[in-house]
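J.: My questions will all concern the structure given below.
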Amino acid sequence: MSVLLLLISALVLIYLGIGGTVAAAVMAIATVVGLFQDEWHLLSIIFGGIFLALALILVIPGDLRLDKISRPLLGWVRSRLPKLSDTEQEALSSGSVDWDGELFSGKPNWNKLLDAKPAHLTSEEQAFLDGPVEKLCSMLDDWKITHEHYDLPDKVWKFIRENGFFGLVIPKEDGGLGFSNTAHSEIVMKISTRSVSAAVTVMVPNSLGPGELLMHYGTDGQKQHYLPRLAQGEEIPCFALTSPVAGSDAGAIPDKGIVCKGEWNGEEVLGLKVTWNKRYITLAPVATLIGLAIKVYDPEHLVGETDEVGVTCVLVPRDTEGVNAGARHLPMNTVFMNGPTWGTDVFIPMDQVIGGQDMLGKGWTMLLECLSIGRSISLPALGTGAGKVASLATGSYAYTREQFGRSISQFEGVQEALEPIAGYTYMMDAARLLTSGMLDRGVRPSVPSAVLKYRNTDLMREVINHAMDVVAGRGVITGPRNFLARAYQAVPIGITVEGANILTRSLMIFGQGSIRCHPFIVEEIEAAGMEDEDKAAKKFDGIFYRHLAHTTRNALRAFLLALTGGVIESVPRHGEIIRHYRQLARFSAAFALMTDVTLLTVGGGLKARQRLSGRMADCLVHLYYATAVIKQWHEEGYPDDQRPLVEWSLKTCLRDLQDSMREAIINFPVPALRWPLRLLVFPLGATGLNGPDDSLGTKVSRTIVEDTPVRQRISRGAYTNMDPEDPLGRVLNAYKLANETAGMRGRLHEAIRNRDEDELDGIALLMGHERKELVDWACAEGVVKADECDKLLEALEALYDVIRVDAFDEDGLKALSRCAKGKRKVVERSPKEET
Ligand SMILES: Cc1cc2nc3c(=O)[nH]c(=O)nc-3n(C[C@H](O)[C@H](O)[C@H](O)COP(=O)(O)OP(=O)(O)OC[C@H]3O[C@@H](n4cnc5c(N)ncnc54)[C@H](O)[C@@H]3O)c2cc1C
């Protein structure tokens, strides 16, 4: 009886988050009453002892607790906490925490999600999208760009420059358009639905690079000189971090700058002698202003006392003597400018250090602060854009393409592939908007930016792969008619750049998030790192017991919410998705518990436990995407036609979340903890969340096949036209005509099926290519009315045209190879790369 009494009082206190003296008093009373009521058996003594000890810790006089408990504990905690390098320390202190922090807390405050100001476009931004962006998209012929010109046409470059595309986010007072992050994302996304090469060309100057760095850290002189020129496209920037030896391990760059005196514009000034060898640099071949990350050394102590000053960002004008750039890489047949740059002992004055001499050695912090912005926008927008095109084109194509006498969209196998195309595109869009909304509120979301970059590019791959399966041969044969191949080829670029996905998933997301977003760990690390032992113990004493209570509460919440299906949790009622909210609350508690157990047991060894870190990253990804979908649906007013997509997304995320957590537990690196964790997180077994069922899957696949407002919603923001000569327009036009003539074509099919045995002409005509004769036959037979005949013929012609692929005769192939040869001089490899 006493054990039960104690347990219940402790559990209620913990669950309600009541601590301090109130908790101590309740537990002490319960212990004493319990001990005196029952016989003194062993369990009573053990539990009573534990609870009394806990109660004592809470009420024990501060000084005594500090010396006898907190100080020794700090020593133990020190040995468990990850040891951080300077770079990691800087990474952790960069950026800010928002919704990601709630997911790590174990008890997300749903109002914080639903009430947050959403992503929004001003009328000026919308007008830019409807005007210059629409016009730019109409100027882009991706086949010609990627296969004939190997570049954007001159008039496109001119249009991009003159219309401010390179200064989207530069403030108006500095000559830019001063657009929001959401507008930036929408613009890049729309262009990417037309041409990845053009989208990357526009995205890079607006993302991490000289512009962004100058806006945040530039001296007044640098801002005044460079920002207007960058905004107007008078300067083309690039930013070079990656070197052949240091790819992902950017902290290991060998590129260096030696502080020295040198000549600049005829005067002797203090500056840097810079040596670099960088590759894969976007826009480098045409850049006039090369941003470089280098390590600065000061052997003669001209600027300070230390030899090694640290990572620094500098700007090198292209026309400086000794600068090499111009040769091009060709990344997967996309032809945005990309190539190596190198130079040896090139002198630049201190004025060319971004932020001036004061910012020597602060480059890493600058890069990390700015990285979270660009990484939240560029590639997530590109991934979503690819999803939108794939949804529109594949849904349309599947509807129009007939096999075995039926639209292929009616085959369950094809529906299984259409389902994730629609569902994942909806999820990518929701996550993109949740994050750009955060950016517009001034958040610098370092962890969500990694989540979004990794997941949207990964989902882009999923979506495009499924689309290729559906479109089949028509997607495989490249040429001016193909509407998918270039997006398919671009997938690995997205996966690789701005933090390659394997590294991002298995090292960065959870590695950073578990510390950065944790409510207590950052302060504990700070306490552990303090040199003054008394101050350290005091700071630690103020945090550790709250941390302990937090962990215990999450363990209890995870267990009870799993047992009860979350019915004891209070969640929002909007949208009637209470079940999903409850499961998300449950998994958030389990995720927080797992985070604490991981940090306490694996601690600094987490970097080497990448399978665990990757699975925990996946858990966060699924929590983030599920809640992003809820937020987006909320912002749109819970339209009922989106319900299948919302349900599908939530069920998919919850199933995947369950699987990732289960995998993390059954492979947990400390075997003794596997069963306890399993018991707490999955007391009823690690099953039950089965993902979307077939009937929901069919509904979702229809959202991109049927001509409804929800199809428009999924593809919202993509560039479209109805030009039958355009690769996407051709499919959309055929889709429209197919819908308009659905009744007629149905009657035609039926008439052919019911034809007399000797009346073989009809079927022969349908199976052949004589569409005119077929329509004449249908009109003569009265299958379609006289005023329908032209429309039917137009539709049949369009439906045939849409399945055609390109074939090049010998002259055609020679012409293509002439195009390639004509550009040979530009496409040569750099001498540096060859050595
Ligand atoms: C088209 C293109 C454009 C680019 N544009 C620019 C640019 O403008 N400016 C610029 O500075 N850079 C640019 N990059 C460089 C890009 O950011 C790097 O390619 C990227 O950082 C990866 O480096 P790497 O290719 O050398 O891969 P590597 O570093 O060799 O990595 C190989 C694999 O190992 C994994 N890996 C590496 N370390 C770890 C680890 N510790 N834990 C787990 N996995 C790990 C990676 O995820 C990857 O899968 C561009 C690259 C490309 C391809």
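Here, A, B, ... name the chains of the structure tokens in the order displayed, residue numbers run from 1 inside each chain, and ligands are numbered from 1 in the same displayed order.
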Give me the residues near A:Tyr454 as an mmCIF file with N, CA and C atoms, in the first residue's frame, where near means some atom within 10 Å (using only C-alpha atoms) and where sequence neighbours in that chain fewer than 6 positions away do not count.

T.:
data_model
loop_
_atom_site.group_PDB
_atom_site.id
_atom_site.type_symbol
_atom_site.label_atom_id
_atom_site.label_comp_id
_atom_site.auth_asym_id
_atom_site.auth_seq_id
_atom_site.Cartn_x
_atom_site.Cartn_y
_atom_site.Cartn_z
ATOM 1 N N ARG A 375 20.439 28.090 -46.515
ATOM 2 C CA ARG A 375 20.145 26.659 -46.549
ATOM 3 C C ARG A 375 18.658 26.393 -46.322
ATOM 4 N N LEU A 379 17.788 25.195 -51.588
ATOM 5 C CA LEU A 379 17.536 23.818 -52.010
ATOM 6 C C LEU A 379 16.155 23.321 -51.602
ATOM 7 N N PRO A 380 15.633 23.725 -50.428
ATOM 8 C CA PRO A 380 14.249 23.345 -50.123
ATOM 9 C C PRO A 380 13.257 23.863 -51.183
ATOM 10 N N PRO A 448 16.478 23.568 -38.023
ATOM 11 C CA PRO A 448 15.490 23.357 -39.087
ATOM 12 C C PRO A 448 16.064 23.537 -40.495
ATOM 13 N N GLY A 494 21.396 18.536 -55.597
ATOM 14 C CA GLY A 494 20.716 18.962 -54.371
ATOM 15 C C GLY A 494 21.160 18.151 -53.175
ATOM 16 N N ILE A 495 21.334 16.848 -53.398
ATOM 17 C CA ILE A 495 21.741 15.971 -52.293
ATOM 18 C C ILE A 495 23.140 16.359 -51.794
ATOM 19 N N THR A 496 24.003 16.782 -52.716
ATOM 20 C CA THR A 496 25.418 17.004 -52.370
ATOM 21 C C THR A 496 25.717 18.376 -51.785
ATOM 22 N N GLU A 498 25.659 22.295 -50.170
ATOM 23 C CA GLU A 498 25.271 22.928 -48.893
ATOM 24 C C GLU A 498 25.165 21.922 -47.743
ATOM 25 N N GLY A 499 26.150 21.045 -47.655
ATOM 26 C CA GLY A 499 26.160 20.010 -46.620
ATOM 27 C C GLY A 499 25.597 18.734 -47.212
ATOM 28 N N ALA A 500 26.500 17.822 -47.631
ATOM 29 C CA ALA A 500 26.055 16.581 -48.275
ATOM 30 C C ALA A 500 25.106 15.842 -47.322
ATOM 31 N N ASN A 501 24.093 15.172 -47.909
ATOM 32 C CA ASN A 501 22.997 14.666 -47.072
ATOM 33 C C ASN A 501 23.407 13.633 -46.023
ATOM 34 N N ILE A 502 24.338 12.754 -46.374
ATOM 35 C CA ILE A 502 24.712 11.733 -45.385
ATOM 36 C C ILE A 502 25.274 12.426 -44.137
ATOM 37 N N LEU A 503 26.158 13.358 -44.373
ATOM 38 C CA LEU A 503 26.757 14.099 -43.258
ATOM 39 C C LEU A 503 25.686 14.898 -42.509
ATOM 40 N N THR A 504 24.815 15.539 -43.249
ATOM 41 C CA THR A 504 23.778 16.374 -42.614
ATOM 42 C C THR A 504 22.882 15.515 -41.735
ATOM 43 N N ARG A 505 22.483 14.354 -42.249
ATOM 44 C CA ARG A 505 21.581 13.497 -41.476
ATOM 45 C C ARG A 505 22.309 12.842 -40.299
ATOM 46 N N ILE A 509 22.195 17.065 -37.854
ATOM 47 C CA ILE A 509 20.845 17.398 -37.386
ATOM 48 C C ILE A 509 20.692 17.080 -35.898
ATOM 49 N N VAL A 621 12.986 14.885 -38.052
ATOM 50 C CA VAL A 621 12.472 15.221 -39.382
ATOM 51 C C VAL A 621 10.973 14.919 -39.450
#

J.: Excluding stretch 281-295 of chain A and its own-chain neighbours fewer than 2 positions away, which residues fall within 7 Å of it when counting only C-alpha atoms? Please give them as a CSV table (one decimal) with C-alpha atoms, in the first residue's frame.

T.:
chain,number,residue,atom,x,y,z
A,209,GLY,CA,27.8,34.6,-50.5
A,210,PRO,CA,29.3,38.1,-50.7
A,235,GLU,CA,29.1,42.6,-60.0
A,236,ILE,CA,28.6,38.8,-60.3
A,237,PRO,CA,29.5,37.2,-57.0
A,238,CYS,CA,30.5,33.7,-56.0
A,239,PHE,CA,31.6,32.2,-52.7
A,240,ALA,CA,34.4,29.7,-52.5
A,241,LEU,CA,34.8,27.5,-49.4
A,255,ASP,CA,43.7,27.9,-48.3
A,256,LYS,CA,45.6,30.6,-46.5
A,257,GLY,CA,46.2,34.3,-46.2
A,279,ARG,CA,36.6,23.7,-56.8
A,297,TYR,CA,48.2,33.6,-40.3
A,310,GLY,CA,41.6,31.8,-38.0
A,311,VAL,CA,39.0,31.4,-40.7
A,312,THR,CA,38.4,34.7,-42.5
A,313,CYS,CA,36.1,35.7,-45.4
A,314,VAL,CA,37.7,38.0,-48.0
A,315,LEU,CA,36.6,39.5,-51.3
A,316,VAL,CA,39.0,39.2,-54.3
A,317,PRO,CA,38.1,41.1,-57.4
A,318,ARG,CA,38.4,38.8,-60.4
A,325,ALA,CA,38.8,31.4,-62.8
A,326,GLY,CA,36.8,30.7,-65.9
A,327,ALA,CA,37.1,27.0,-66.5
A,328,ARG,CA,33.9,25.1,-66.0
A,337,MET,CA,28.2,28.4,-64.1
A,338,ASN,CA,30.3,26.2,-61.8
A,339,GLY,CA,34.1,25.7,-61.8
A,340,PRO,CA,37.4,26.0,-60.0
A,341,THR,CA,39.3,29.0,-58.9

J.: When you look at A:Arg461 with a cut-off of 9 Å (counting only C-alpha atoms), what residues show up, excluding the ones that are within fewer than 3 positions of it in the same chain? I need them as an NGL selection string.

T.: :A and (383 or 456-458 or 464-466 or 488 or 491-492 or 495)

J.: May I have all residues of stretch 313-521 of chain A that DSSP, computed from the backbone, assigns to strand (DSSP E), given as number ranges by chain?

T.: A: 313-317, 324-325, 338-349, 402-403, 406-407

J.: Restricting it to N, CA, C and O atoms, dump the selection as a PDB file, in the first residue's frame.

T.:
ATOM      1  N   CYS A 313      36.763  35.621 -44.065  1.00  0.00           N
ATOM      2  CA  CYS A 313      36.120  35.739 -45.385  1.00  0.00           C
ATOM      3  C   CYS A 313      36.638  36.992 -46.079  1.00  0.00           C
ATOM      4  O   CYS A 313      36.581  38.082 -45.498  1.00  0.00           O
ATOM      5  N   VAL A 314      37.123  36.807 -47.295  1.00  0.00           N
ATOM      6  CA  VAL A 314      37.672  37.955 -48.038  1.00  0.00           C
ATOM      7  C   VAL A 314      37.022  38.056 -49.409  1.00  0.00           C
ATOM      8  O   VAL A 314      36.434  37.080 -49.902  1.00  0.00           O
ATOM      9  N   LEU A 315      37.136  39.239 -49.994  1.00  0.00           N
ATOM     10  CA  LEU A 315      36.605  39.459 -51.341  1.00  0.00           C
ATOM     11  C   LEU A 315      37.766  39.743 -52.279  1.00  0.00           C
ATOM     12  O   LEU A 315      38.561  40.667 -52.025  1.00  0.00           O
ATOM     13  N   VAL A 316      37.865  38.960 -53.346  1.00  0.00           N
ATOM     14  CA  VAL A 316      38.955  39.173 -54.298  1.00  0.00           C
ATOM     15  C   VAL A 316      38.341  39.551 -55.645  1.00  0.00           C
ATOM     16  O   VAL A 316      37.629  38.745 -56.249  1.00  0.00           O
ATOM     17  N   PRO A 317      38.593  40.784 -56.113  1.00  0.00           N
ATOM     18  CA  PRO A 317      38.093  41.135 -57.447  1.00  0.00           C
ATOM     19  C   PRO A 317      38.725  40.216 -58.492  1.00  0.00           C
ATOM     20  O   PRO A 317      39.920  39.912 -58.423  1.00  0.00           O
ATOM     21  N   ASN A 324      42.831  33.092 -60.878  1.00  0.00           N
ATOM     22  CA  ASN A 324      42.442  32.179 -61.959  1.00  0.00           C
ATOM     23  C   ASN A 324      41.007  31.728 -61.766  1.00  0.00           C
ATOM     24  O   ASN A 324      40.635  31.257 -60.683  1.00  0.00           O
ATOM     25  N   ALA A 325      40.214  31.868 -62.805  1.00  0.00           N
ATOM     26  CA  ALA A 325      38.835  31.361 -62.805  1.00  0.00           C
ATOM     27  C   ALA A 325      38.373  31.407 -64.249  1.00  0.00           C
ATOM     28  O   ALA A 325      38.952  32.136 -65.060  1.00  0.00           O
ATOM     29  N   ASN A 338      29.751  26.908 -62.984  1.00  0.00           N
ATOM     30  CA  ASN A 338      30.346  26.242 -61.834  1.00  0.00           C
ATOM     31  C   ASN A 338      31.753  25.831 -62.236  1.00  0.00           C
ATOM     32  O   ASN A 338      31.947  25.330 -63.335  1.00  0.00           O
ATOM     33  N   GLY A 339      32.720  26.087 -61.383  1.00  0.00           N
ATOM     34  CA  GLY A 339      34.076  25.722 -61.773  1.00  0.00           C
ATOM     35  C   GLY A 339      35.086  26.005 -60.678  1.00  0.00           C
ATOM     36  O   GLY A 339      34.730  26.465 -59.593  1.00  0.00           O
ATOM     37  N   PRO A 340      36.350  25.744 -60.983  1.00  0.00           N
ATOM     38  CA  PRO A 340      37.407  25.965 -59.988  1.00  0.00           C
ATOM     39  C   PRO A 340      37.921  27.405 -60.006  1.00  0.00           C
ATOM     40  O   PRO A 340      37.692  28.148 -60.957  1.00  0.00           O
ATOM     41  N   THR A 341      38.583  27.777 -58.960  1.00  0.00           N
ATOM     42  CA  THR A 341      39.329  29.044 -58.934  1.00  0.00           C
ATOM     43  C   THR A 341      40.564  28.829 -58.078  1.00  0.00           C
ATOM     44  O   THR A 341      40.509  28.094 -57.086  1.00  0.00           O
ATOM     45  N   TRP A 342      41.644  29.455 -58.459  1.00  0.00           N
ATOM     46  CA  TRP A 342      42.863  29.307 -57.665  1.00  0.00           C
ATOM     47  C   TRP A 342      43.770  30.530 -57.847  1.00  0.00           C
ATOM     48  O   TRP A 342      43.589  31.321 -58.776  1.00  0.00           O
ATOM     49  N   GLY A 343      44.681  30.673 -56.959  1.00  0.00           N
ATOM     50  CA  GLY A 343      45.629  31.781 -57.032  1.00  0.00           C
ATOM     51  C   GLY A 343      46.749  31.526 -56.045  1.00  0.00           C
ATOM     52  O   GLY A 343      46.559  30.813 -55.054  1.00  0.00           O
ATOM     53  N   THR A 344      47.923  32.071 -56.336  1.00  0.00           N
ATOM     54  CA  THR A 344      49.069  31.878 -55.444  1.00  0.00           C
ATOM     55  C   THR A 344      49.649  33.236 -55.066  1.00  0.00           C
ATOM     56  O   THR A 344      49.953  34.041 -55.946  1.00  0.00           O
ATOM     57  N   ASP A 345      49.737  33.457 -53.768  1.00  0.00           N
ATOM     58  CA  ASP A 345      50.317  34.702 -53.239  1.00  0.00           C
ATOM     59  C   ASP A 345      49.708  35.952 -53.874  1.00  0.00           C
ATOM     60  O   ASP A 345      50.413  36.874 -54.293  1.00  0.00           O
ATOM     61  N   VAL A 346      48.407  35.959 -53.968  1.00  0.00           N
ATOM     62  CA  VAL A 346      47.720  37.133 -54.537  1.00  0.00           C
ATOM     63  C   VAL A 346      47.521  38.148 -53.408  1.00  0.00           C
ATOM     64  O   VAL A 346      46.930  37.814 -52.373  1.00  0.00           O
ATOM     65  N   PHE A 347      48.014  39.367 -53.624  1.00  0.00           N
ATOM     66  CA  PHE A 347      47.900  40.351 -52.543  1.00  0.00           C
ATOM     67  C   PHE A 347      46.569  41.102 -52.610  1.00  0.00           C
ATOM     68  O   PHE A 347      46.162  41.564 -53.669  1.00  0.00           O
ATOM     69  N   ILE A 348      45.909  41.185 -51.426  1.00  0.00           N
ATOM     70  CA  ILE A 348      44.708  42.036 -51.310  1.00  0.00           C
ATOM     71  C   ILE A 348      44.846  42.886 -50.040  1.00  0.00           C
ATOM     72  O   ILE A 348      45.413  42.439 -49.051  1.00  0.00           O
ATOM     73  N   PRO A 349      44.321  44.125 -50.068  1.00  0.00           N
ATOM     74  CA  PRO A 349      44.431  44.964 -48.864  1.00  0.00           C
ATOM     75  C   PRO A 349      43.434  44.528 -47.796  1.00  0.00           C
ATOM     76  O   PRO A 349      42.463  43.820 -48.100  1.00  0.00           O
ATOM     77  N   GLU A 402      -3.052   6.113 -72.173  1.00  0.00           N
ATOM     78  CA  GLU A 402      -3.921   4.939 -72.067  1.00  0.00           C
ATOM     79  C   GLU A 402      -3.159   3.673 -72.438  1.00  0.00           C
ATOM     80  O   GLU A 402      -2.383   3.660 -73.385  1.00  0.00           O
ATOM     81  N   GLN A 403      -3.371   2.646 -71.655  1.00  0.00           N
ATOM     82  CA  GLN A 403      -2.853   1.305 -71.952  1.00  0.00           C
ATOM     83  C   GLN A 403      -3.948   0.316 -71.608  1.00  0.00           C
ATOM     84  O   GLN A 403      -4.725   0.553 -70.670  1.00  0.00           O
ATOM     85  N   ARG A 406      -7.396   1.720 -70.971  1.00  0.00           N
ATOM     86  CA  ARG A 406      -7.763   2.552 -69.818  1.00  0.00           C
ATOM     87  C   ARG A 406      -6.658   3.556 -69.528  1.00  0.00           C
ATOM     88  O   ARG A 406      -5.484   3.329 -69.855  1.00  0.00           O
ATOM     89  N   SER A 407      -7.063   4.647 -68.882  1.00  0.00           N
ATOM     90  CA  SER A 407      -6.045   5.603 -68.429  1.00  0.00           C
ATOM     91  C   SER A 407      -5.151   4.873 -67.420  1.00  0.00           C
ATOM     92  O   SER A 407      -5.655   4.201 -66.510  1.00  0.00           O
TER      93      SER A 407
END

J.: Might you pull out every residue within 8 Å of A:Ala585, with only C-alpha atoms counted and same-chain residues fewer than 6 positions away left off, and present them as an MDAnalysis selection string?

T.: chainID A and resid 106:108 561 566 569

J.: Kindly export the residues of the current selection with N, CA and C atoms, as a PDB file, in the first residue's frame.

T.:
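Final output, part_18.pdb:
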ATOM      1  N   GLY A 106       9.617  17.848 -25.423  1.00  0.00           N
ATOM      2  CA  GLY A 106       8.816  16.719 -24.946  1.00  0.00           C
ATOM      3  C   GLY A 106       7.378  17.101 -24.691  1.00  0.00           C
ATOM      4  N   LYS A 107       7.071  18.378 -24.702  1.00  0.00           N
ATOM      5  CA  LYS A 107       5.687  18.811 -24.488  1.00  0.00           C
ATOM      6  C   LYS A 107       5.457  20.062 -25.334  1.00  0.00           C
ATOM      7  N   PRO A 108       5.309  19.863 -26.664  1.00  0.00           N
ATOM      8  CA  PRO A 108       5.224  21.037 -27.533  1.00  0.00           C
ATOM      9  C   PRO A 108       4.007  21.905 -27.204  1.00  0.00           C
ATOM     10  N   LEU A 561       1.444   8.252 -22.211  1.00  0.00           N
ATOM     11  CA  LEU A 561       0.790   8.624 -23.475  1.00  0.00           C
ATOM     12  C   LEU A 561       0.762   7.433 -24.437  1.00  0.00           C
ATOM     13  N   GLY A 566      -2.631   8.595 -25.712  1.00  0.00           N
ATOM     14  CA  GLY A 566      -2.558  10.050 -25.585  1.00  0.00           C
ATOM     15  C   GLY A 566      -3.842  10.716 -25.118  1.00  0.00           C
ATOM     16  N   GLU A 569      -3.831  13.651 -22.775  1.00  0.00           N
ATOM     17  CA  GLU A 569      -3.150  14.888 -23.183  1.00  0.00           C
ATOM     18  C   GLU A 569      -4.173  15.878 -23.726  1.00  0.00           C
TER      19      GLU A 569
END
